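*Asks:* So that you have it, the file is entry-v2.cif, and it contains mmCIF, N, CA and C atoms:
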data_structure
#
loop_
_atom_site.label_atom_id
_atom_site.label_comp_id
_atom_site.auth_asym_id
_atom_site.auth_seq_id
_atom_site.Cartn_x
_atom_site.Cartn_y
_atom_site.Cartn_z
N MET H 1 19.83 -123.24 13.49
CA MET H 1 19.31 -123.10 14.83
C MET H 1 17.96 -122.38 14.76
N VAL H 2 17.03 -122.78 15.57
CA VAL H 2 15.71 -122.18 15.61
C VAL H 2 15.66 -121.20 16.78
N SER H 3 15.17 -119.98 16.53
CA SER H 3 15.13 -118.95 17.57
C SER H 3 14.41 -119.40 18.83
N TYR H 4 13.41 -120.24 18.69
CA TYR H 4 12.62 -120.67 19.83
C TYR H 4 13.17 -121.93 20.48
N GLY H 5 14.34 -122.37 20.05
CA GLY H 5 14.92 -123.59 20.60
C GLY H 5 14.02 -124.78 20.33
N ASN H 6 13.97 -125.72 21.25
CA ASN H 6 13.16 -126.92 21.04
C ASN H 6 11.68 -126.71 21.37
N HIS H 7 11.28 -125.48 21.67
CA HIS H 7 9.87 -125.20 21.98
C HIS H 7 9.02 -125.00 20.73
N ALA H 8 9.64 -124.99 19.57
CA ALA H 8 8.90 -124.74 18.34
C ALA H 8 8.93 -125.93 17.40
N GLY H 9 9.33 -127.07 17.89
CA GLY H 9 9.39 -128.23 17.02
C GLY H 9 10.66 -128.22 16.20
N SER H 10 10.63 -128.91 15.09
CA SER H 10 11.80 -129.02 14.24
C SER H 10 11.46 -128.59 12.82
N ALA H 11 12.35 -127.85 12.21
CA ALA H 11 12.19 -127.47 10.82
C ALA H 11 12.96 -128.43 9.91
N GLY H 12 13.42 -129.52 10.49
CA GLY H 12 14.16 -130.51 9.70
C GLY H 12 15.40 -129.89 9.08
N PRO H 13 15.59 -130.05 7.77
CA PRO H 13 16.80 -129.54 7.15
C PRO H 13 16.74 -128.04 6.83
N PHE H 14 15.62 -127.38 7.13
CA PHE H 14 15.45 -125.99 6.74
C PHE H 14 15.93 -125.02 7.81
N ARG H 15 16.38 -123.85 7.35
CA ARG H 15 16.88 -122.81 8.25
C ARG H 15 15.73 -122.17 9.03
N GLU H 16 15.99 -121.89 10.29
CA GLU H 16 15.09 -121.19 11.21
C GLU H 16 13.76 -121.90 11.39
N GLY H 17 12.75 -121.16 11.84
CA GLY H 17 11.46 -121.76 12.14
C GLY H 17 10.38 -120.70 12.23
N LYS H 18 9.42 -120.93 13.10
CA LYS H 18 8.26 -120.05 13.23
C LYS H 18 8.68 -118.58 13.33
N ALA H 19 7.82 -117.72 12.80
CA ALA H 19 8.00 -116.26 12.85
C ALA H 19 9.21 -115.77 12.06
N THR H 20 9.62 -116.52 11.04
CA THR H 20 10.68 -116.05 10.16
C THR H 20 10.23 -116.28 8.71
N THR H 21 10.89 -115.62 7.79
CA THR H 21 10.60 -115.82 6.37
C THR H 21 11.61 -116.77 5.74
N PHE H 22 12.37 -117.48 6.56
CA PHE H 22 13.24 -118.53 6.06
C PHE H 22 12.39 -119.78 5.82
N GLU H 23 12.94 -120.76 5.13
CA GLU H 23 12.17 -121.94 4.75
C GLU H 23 11.58 -122.67 5.96
N GLY H 24 12.30 -122.74 7.05
CA GLY H 24 11.80 -123.42 8.24
C GLY H 24 10.59 -122.75 8.85
N GLY H 25 10.38 -121.49 8.54
CA GLY H 25 9.23 -120.76 9.06
C GLY H 25 8.06 -120.72 8.10
N LEU H 26 8.26 -121.15 6.87
CA LEU H 26 7.22 -121.03 5.86
C LEU H 26 6.70 -122.34 5.31
N ARG H 27 7.52 -123.33 5.23
CA ARG H 27 7.09 -124.60 4.64
C ARG H 27 6.20 -125.34 5.62
N GLU H 28 4.97 -125.52 5.22
CA GLU H 28 3.98 -126.20 6.05
C GLU H 28 3.25 -127.22 5.19
N PRO H 29 2.89 -128.33 5.78
CA PRO H 29 2.12 -129.31 5.00
C PRO H 29 0.69 -128.84 4.78
N PHE H 30 0.13 -129.25 3.68
CA PHE H 30 -1.27 -128.97 3.36
C PHE H 30 -1.86 -130.28 2.85
N ILE H 31 -2.86 -130.75 3.51
CA ILE H 31 -3.49 -132.01 3.14
C ILE H 31 -4.91 -131.72 2.66
N ALA H 32 -5.24 -132.20 1.49
CA ALA H 32 -6.57 -131.99 0.94
C ALA H 32 -7.15 -133.34 0.54
N ARG H 33 -8.44 -133.49 0.78
CA ARG H 33 -9.12 -134.75 0.42
C ARG H 33 -10.46 -134.41 -0.22
N TRP H 34 -10.67 -134.97 -1.39
CA TRP H 34 -11.94 -134.85 -2.08
C TRP H 34 -12.05 -136.05 -3.00
N PRO H 35 -12.62 -137.15 -2.51
CA PRO H 35 -12.68 -138.38 -3.31
C PRO H 35 -13.27 -138.14 -4.70
N GLY H 36 -12.59 -138.67 -5.69
CA GLY H 36 -13.03 -138.51 -7.08
C GLY H 36 -12.53 -137.24 -7.73
N LYS H 37 -12.02 -136.30 -6.95
CA LYS H 37 -11.53 -135.02 -7.50
C LYS H 37 -10.03 -134.83 -7.25
N ILE H 38 -9.60 -135.19 -6.05
CA ILE H 38 -8.18 -135.07 -5.69
C ILE H 38 -7.63 -136.49 -5.56
N PRO H 39 -6.66 -136.84 -6.40
CA PRO H 39 -6.13 -138.20 -6.36
C PRO H 39 -5.42 -138.53 -5.04
N LYS H 40 -5.57 -139.77 -4.60
CA LYS H 40 -4.91 -140.24 -3.38
C LYS H 40 -3.41 -140.29 -3.56
N GLY H 41 -2.71 -140.00 -2.46
CA GLY H 41 -1.28 -140.25 -2.40
C GLY H 41 -0.39 -139.35 -3.22
N LYS H 42 -0.91 -138.30 -3.81
CA LYS H 42 -0.09 -137.39 -4.61
C LYS H 42 0.61 -136.38 -3.71
N VAL H 43 1.82 -136.01 -4.10
CA VAL H 43 2.58 -135.00 -3.39
C VAL H 43 2.96 -133.93 -4.40
N CYS H 44 2.76 -132.68 -4.02
CA CYS H 44 3.08 -131.54 -4.89
C CYS H 44 4.19 -130.73 -4.23
N HIS H 45 5.21 -130.40 -4.99
CA HIS H 45 6.32 -129.61 -4.47
C HIS H 45 6.33 -128.20 -5.03
N GLU H 46 5.25 -127.80 -5.67
CA GLU H 46 5.15 -126.44 -6.22
C GLU H 46 4.78 -125.45 -5.12
N LEU H 47 5.13 -124.19 -5.34
CA LEU H 47 4.82 -123.14 -4.38
C LEU H 47 3.34 -122.80 -4.38
N ALA H 48 2.74 -122.84 -3.21
CA ALA H 48 1.36 -122.42 -3.00
C ALA H 48 1.29 -121.90 -1.57
N ALA H 49 0.27 -121.11 -1.27
CA ALA H 49 0.18 -120.52 0.07
C ALA H 49 -1.28 -120.38 0.48
N THR H 50 -1.49 -120.04 1.72
CA THR H 50 -2.86 -119.89 2.21
C THR H 50 -3.61 -118.79 1.46
N ILE H 51 -2.90 -117.81 0.91
CA ILE H 51 -3.59 -116.77 0.14
C ILE H 51 -4.24 -117.34 -1.11
N ASP H 52 -3.84 -118.53 -1.51
CA ASP H 52 -4.39 -119.17 -2.70
C ASP H 52 -5.69 -119.94 -2.44
N VAL H 53 -6.02 -120.14 -1.19
CA VAL H 53 -7.23 -120.91 -0.86
C VAL H 53 -8.49 -120.17 -1.31
N LEU H 54 -8.60 -118.88 -1.04
CA LEU H 54 -9.80 -118.12 -1.42
C LEU H 54 -10.07 -118.18 -2.93
N PRO H 55 -9.12 -117.83 -3.79
CA PRO H 55 -9.41 -117.91 -5.23
C PRO H 55 -9.74 -119.32 -5.71
N THR H 56 -9.10 -120.32 -5.10
CA THR H 56 -9.36 -121.70 -5.49
C THR H 56 -10.77 -122.12 -5.12
N LEU H 57 -11.16 -121.86 -3.89
CA LEU H 57 -12.51 -122.22 -3.45
C LEU H 57 -13.58 -121.41 -4.19
N ALA H 58 -13.29 -120.15 -4.48
CA ALA H 58 -14.24 -119.33 -5.24
C ALA H 58 -14.47 -119.94 -6.62
N ARG H 59 -13.40 -120.34 -7.28
CA ARG H 59 -13.53 -120.97 -8.61
C ARG H 59 -14.35 -122.25 -8.52
N LEU H 60 -14.04 -123.09 -7.54
CA LEU H 60 -14.74 -124.36 -7.39
C LEU H 60 -16.23 -124.16 -7.09
N ALA H 61 -16.55 -123.07 -6.39
CA ALA H 61 -17.94 -122.79 -6.05
C ALA H 61 -18.66 -122.00 -7.14
N GLY H 62 -17.92 -121.59 -8.18
CA GLY H 62 -18.51 -120.81 -9.26
C GLY H 62 -18.73 -119.36 -8.88
N ALA H 63 -18.04 -118.89 -7.86
CA ALA H 63 -18.18 -117.49 -7.41
C ALA H 63 -17.13 -116.62 -8.07
N GLU H 64 -17.47 -115.35 -8.26
CA GLU H 64 -16.52 -114.40 -8.81
C GLU H 64 -15.79 -113.71 -7.66
N LEU H 65 -14.52 -113.43 -7.88
CA LEU H 65 -13.75 -112.69 -6.89
C LEU H 65 -14.13 -111.21 -6.98
N PRO H 66 -14.03 -110.48 -5.89
CA PRO H 66 -14.38 -109.05 -5.92
C PRO H 66 -13.50 -108.30 -6.93
N ALA H 67 -14.12 -107.42 -7.67
CA ALA H 67 -13.40 -106.65 -8.68
C ALA H 67 -12.88 -105.32 -8.12
N ASN H 68 -13.32 -104.96 -6.91
CA ASN H 68 -12.95 -103.64 -6.36
C ASN H 68 -11.73 -103.71 -5.46
N ARG H 69 -10.99 -104.82 -5.50
CA ARG H 69 -9.76 -104.94 -4.70
C ARG H 69 -8.83 -105.96 -5.36
N VAL H 70 -7.57 -105.87 -4.99
CA VAL H 70 -6.58 -106.81 -5.51
C VAL H 70 -6.59 -108.06 -4.65
N ILE H 71 -6.68 -109.20 -5.27
CA ILE H 71 -6.58 -110.48 -4.58
C ILE H 71 -5.21 -111.07 -4.95
N ASP H 72 -4.34 -111.18 -3.97
CA ASP H 72 -2.98 -111.64 -4.23
C ASP H 72 -2.91 -113.14 -4.52
N GLY H 73 -3.84 -113.91 -3.99
CA GLY H 73 -3.82 -115.36 -4.19
C GLY H 73 -4.18 -115.74 -5.61
N ARG H 74 -3.84 -116.96 -5.97
CA ARG H 74 -4.12 -117.50 -7.30
C ARG H 74 -4.83 -118.84 -7.16
N ASP H 75 -5.51 -119.24 -8.20
CA ASP H 75 -6.21 -120.53 -8.23
C ASP H 75 -5.17 -121.64 -8.32
N ILE H 76 -5.14 -122.52 -7.32
CA ILE H 76 -4.18 -123.63 -7.31
C ILE H 76 -4.86 -124.98 -7.56
N TRP H 77 -6.07 -124.97 -8.11
CA TRP H 77 -6.75 -126.22 -8.39
C TRP H 77 -5.93 -127.18 -9.27
N PRO H 78 -5.23 -126.68 -10.29
CA PRO H 78 -4.41 -127.61 -11.08
C PRO H 78 -3.37 -128.35 -10.22
N LEU H 79 -2.82 -127.69 -9.22
CA LEU H 79 -1.87 -128.35 -8.32
C LEU H 79 -2.59 -129.36 -7.42
N MET H 80 -3.71 -128.95 -6.84
CA MET H 80 -4.44 -129.80 -5.92
C MET H 80 -5.00 -131.05 -6.61
N SER H 81 -5.41 -130.90 -7.83
CA SER H 81 -6.01 -132.03 -8.56
C SER H 81 -4.97 -132.83 -9.35
N ALA H 82 -3.70 -132.52 -9.13
CA ALA H 82 -2.58 -133.24 -9.74
C ALA H 82 -2.66 -133.29 -11.27
N GLN H 83 -3.02 -132.16 -11.87
CA GLN H 83 -3.06 -132.12 -13.33
C GLN H 83 -1.64 -132.23 -13.89
N PRO H 84 -1.47 -132.95 -14.98
CA PRO H 84 -0.13 -133.13 -15.54
C PRO H 84 0.53 -131.79 -15.84
N ARG H 85 1.79 -131.68 -15.50
CA ARG H 85 2.62 -130.49 -15.74
C ARG H 85 2.10 -129.24 -15.06
N ALA H 86 1.29 -129.37 -14.02
CA ALA H 86 0.79 -128.20 -13.29
C ALA H 86 1.96 -127.51 -12.58
N ARG H 87 2.02 -126.21 -12.70
CA ARG H 87 3.08 -125.40 -12.10
C ARG H 87 2.45 -124.35 -11.20
N THR H 88 3.23 -123.81 -10.29
CA THR H 88 2.74 -122.74 -9.44
C THR H 88 2.24 -121.58 -10.30
N PRO H 89 1.14 -120.95 -9.90
CA PRO H 89 0.66 -119.79 -10.66
C PRO H 89 1.40 -118.50 -10.29
N HIS H 90 2.35 -118.58 -9.38
CA HIS H 90 3.08 -117.39 -8.92
C HIS H 90 4.41 -117.27 -9.67
N GLU H 91 4.53 -116.25 -10.50
CA GLU H 91 5.80 -116.00 -11.17
C GLU H 91 6.83 -115.55 -10.13
N VAL H 92 6.39 -114.68 -9.24
CA VAL H 92 7.22 -114.22 -8.13
C VAL H 92 6.33 -114.24 -6.89
N TYR H 93 6.88 -114.70 -5.80
CA TYR H 93 6.14 -114.71 -4.54
C TYR H 93 6.89 -113.82 -3.55
N TYR H 94 6.18 -112.90 -2.93
CA TYR H 94 6.77 -111.93 -2.02
C TYR H 94 6.49 -112.33 -0.58
N TYR H 95 7.53 -112.33 0.25
CA TYR H 95 7.41 -112.68 1.66
C TYR H 95 7.52 -111.42 2.51
N TYR H 96 6.48 -111.12 3.23
CA TYR H 96 6.45 -109.96 4.11
C TYR H 96 6.38 -110.39 5.56
N TRP H 97 6.94 -109.59 6.44
CA TRP H 97 6.72 -109.70 7.87
C TRP H 97 6.13 -108.35 8.25
N GLY H 98 4.83 -108.33 8.49
CA GLY H 98 4.15 -107.05 8.69
C GLY H 98 4.18 -106.29 7.38
N ARG H 99 4.72 -105.09 7.40
CA ARG H 99 4.82 -104.28 6.18
C ARG H 99 6.21 -104.32 5.56
N GLU H 100 7.08 -105.15 6.11
CA GLU H 100 8.46 -105.21 5.66
C GLU H 100 8.67 -106.37 4.68
N LEU H 101 9.07 -106.05 3.45
CA LEU H 101 9.41 -107.07 2.46
C LEU H 101 10.73 -107.69 2.87
N GLN H 102 10.72 -109.02 3.10
CA GLN H 102 11.93 -109.68 3.58
C GLN H 102 12.54 -110.63 2.55
N ALA H 103 11.74 -111.14 1.63
CA ALA H 103 12.29 -112.10 0.66
C ALA H 103 11.39 -112.20 -0.57
N LEU H 104 11.95 -112.70 -1.66
CA LEU H 104 11.21 -112.96 -2.89
C LEU H 104 11.61 -114.33 -3.40
N ARG H 105 10.65 -115.06 -3.98
CA ARG H 105 10.95 -116.36 -4.58
C ARG H 105 10.46 -116.36 -6.02
N SER H 106 11.29 -116.90 -6.89
CA SER H 106 10.93 -117.11 -8.28
C SER H 106 11.58 -118.42 -8.72
N GLY H 107 10.74 -119.38 -9.06
CA GLY H 107 11.27 -120.68 -9.44
C GLY H 107 12.05 -121.30 -8.30
N GLN H 108 13.26 -121.76 -8.58
CA GLN H 108 14.07 -122.38 -7.54
C GLN H 108 14.90 -121.37 -6.75
N TRP H 109 14.76 -120.09 -7.06
CA TRP H 109 15.58 -119.05 -6.44
C TRP H 109 14.80 -118.29 -5.39
N LYS H 110 15.50 -117.93 -4.31
CA LYS H 110 14.92 -117.10 -3.27
C LYS H 110 15.95 -116.07 -2.86
N LEU H 111 15.52 -114.82 -2.84
CA LEU H 111 16.38 -113.71 -2.43
C LEU H 111 15.91 -113.21 -1.08
N HIS H 112 16.79 -113.24 -0.10
CA HIS H 112 16.48 -112.68 1.22
C HIS H 112 17.07 -111.28 1.27
N LEU H 113 16.24 -110.32 1.60
CA LEU H 113 16.67 -108.92 1.70
C LEU H 113 17.16 -108.64 3.11
N PRO H 114 18.06 -107.67 3.26
CA PRO H 114 18.48 -107.32 4.62
C PRO H 114 17.27 -106.82 5.41
N HIS H 115 17.13 -107.31 6.62
CA HIS H 115 16.02 -106.87 7.47
C HIS H 115 16.35 -107.14 8.92
N SER H 116 15.60 -106.51 9.80
CA SER H 116 15.80 -106.76 11.22
C SER H 116 15.13 -108.08 11.56
N TYR H 117 15.83 -108.95 12.21
CA TYR H 117 15.29 -110.27 12.54
C TYR H 117 14.53 -110.20 13.85
N THR H 118 13.40 -110.85 13.88
CA THR H 118 12.64 -110.89 15.12
C THR H 118 13.16 -112.01 15.99
N THR H 119 13.03 -111.84 17.27
CA THR H 119 13.41 -112.88 18.21
C THR H 119 12.23 -113.12 19.12
N PRO H 120 12.15 -114.29 19.71
CA PRO H 120 11.01 -114.57 20.60
C PRO H 120 11.03 -113.64 21.80
N ILE H 121 9.86 -113.36 22.34
CA ILE H 121 9.75 -112.52 23.52
C ILE H 121 10.00 -113.40 24.74
N ARG H 122 10.97 -113.03 25.52
CA ARG H 122 11.31 -113.81 26.71
C ARG H 122 10.58 -113.23 27.92
N GLN H 123 10.44 -114.04 28.95
CA GLN H 123 9.75 -113.61 30.15
C GLN H 123 10.39 -112.32 30.67
N GLY H 124 9.56 -111.34 30.98
CA GLY H 124 10.04 -110.06 31.48
C GLY H 124 10.28 -109.02 30.39
N GLN H 125 10.26 -109.43 29.12
CA GLN H 125 10.44 -108.49 28.02
C GLN H 125 9.09 -108.04 27.50
N THR H 126 9.08 -106.95 26.78
CA THR H 126 7.85 -106.50 26.14
C THR H 126 8.02 -106.55 24.64
N ALA H 127 6.91 -106.69 23.93
CA ALA H 127 6.95 -106.73 22.47
C ALA H 127 7.24 -105.36 21.91
N HIS H 128 7.78 -105.33 20.73
CA HIS H 128 8.01 -104.07 20.01
C HIS H 128 6.79 -103.83 19.14
N PRO H 129 5.91 -102.87 19.50
CA PRO H 129 4.66 -102.68 18.75
C PRO H 129 4.87 -102.43 17.26
N ALA H 130 5.98 -101.84 16.87
CA ALA H 130 6.22 -101.56 15.45
C ALA H 130 6.37 -102.85 14.65
N ARG H 131 6.70 -103.94 15.32
CA ARG H 131 6.90 -105.20 14.61
C ARG H 131 5.63 -106.03 14.52
N TRP H 132 4.58 -105.66 15.18
CA TRP H 132 3.37 -106.47 15.18
C TRP H 132 2.37 -105.93 14.25
#
Reformat the file's structure so that it appears as structure tokens.

*Replies:*
Amino acid sequence: MVSYGNHAGSAGPFREGKATTFEGGLREPFIARWPGKIPKGKVCHELAATIDVLPTLARLAGAELPANRVIDGRDIWPLMSAQPRARTPHEVYYYYWGRELQALRSGQWKLHLPHSYTTPIRQGQTAHPARW
């Protein structure tokens, strides 16, 4: 069941939806096109995330990442360009909601930690500032 009911679309076979760290809230399509660089019609099922876009684009542009801070993302060009045997660059991927660690993924395994679940704000209710 999705917390937002039918107002949030469908997560298909996945649990929950938007604003959760369950699969239904995290799995999103990513479509990339670059003729001659990214092959047509390829589908990748490896783990990648929006945090990986910056390091990937920096590499493609020949730019260096800042050395004075930690960049959590990784270069996913091997995945995007469908290189043979390309695997996710993330040994472990951490799922946070705000500052709260809610889950970890490694390979085919995902561990969900006990946490307070968020629910949609209904008319007449106020948000909990600690959760935003």

*Asks:* What is the atom C of Asp72 in chain H to atom C of Gln102 in chain H distance in Å?

*Replies:* 17.2 Å

*Asks:* Which residues come within 8 Å of range 107-116 of chain H, counting all atoms listed in the file, excluding same-chain residues fewer than 2 positions away, as a list in words?

*Replies:*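 My reading of the contact set: Thr21, His90, Glu91, Val92, Tyr93, Glu100, Leu101, Gln102, Ala103, Leu104, Arg105, Thr118 and Thr119 of chain H.
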
*Asks:* State, in Å with one decimal place, the distance from atom C of Ile31 in chain H to atom C of Leu65 in chain H.

*Replies:*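 Result for atom C of Ile31 in chain H versus atom C of Leu65 in chain H: 24.5 Å, one decimal.
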
*Asks:* Which distance in Å separates CA of Pro66 in chain H and CA of Ala32 in chain H, to one decimal?

*Replies:* 25.2 Å

*Asks:* I'd like the contact shell of Trp34 in chain H - 12 Å cut-off, only C-alpha atoms, skipping same-chain residues fewer than 4 positions apart - returned as a VMD selection string.

*Replies:* chain H and resid 38 to 41 77 80 to 81

*Asks:* Give me every alpha helix (DSSP H) residue in chain H, going by DSSP on the backbone, as JSON, numbers by chain.

*Replies:* {"H": [23, 24, 25, 26, 53, 54, 55, 56, 57, 58, 59, 60, 61, 77, 78, 79, 80]}

*Asks:* Do a neighbour search on Ala48 in chain H at 12 Å with only C-alpha atoms, toss out local chain neighbours closer than 4 positions, and write the hits as a PyMOL selection string.

*Replies:* chain H and resi 26-30+44+52-53+55-56+72-80+86-94+105+107

*Asks:* Taking the file as I've supplied it (selection: the PyMOL selection byres ((chain H and resi 24) around 8)), which residues are included? Please answer as number ranges by chain.

*Replies:* H: 10-23, 25-28

*Asks:* Let me know the centre plus edge lengths, in Å and rounded to one decimal, of a box with edges along x, y and z that contains all listed atoms of range 30-37 of chain H and is padded by 8 Å on every side, as JSON.

*Replies:*
{"center_x": -6.6, "center_y": -133.8, "center_z": -2.0, "size_x": 29.4, "size_y": 25.7, "size_z": 27.4}
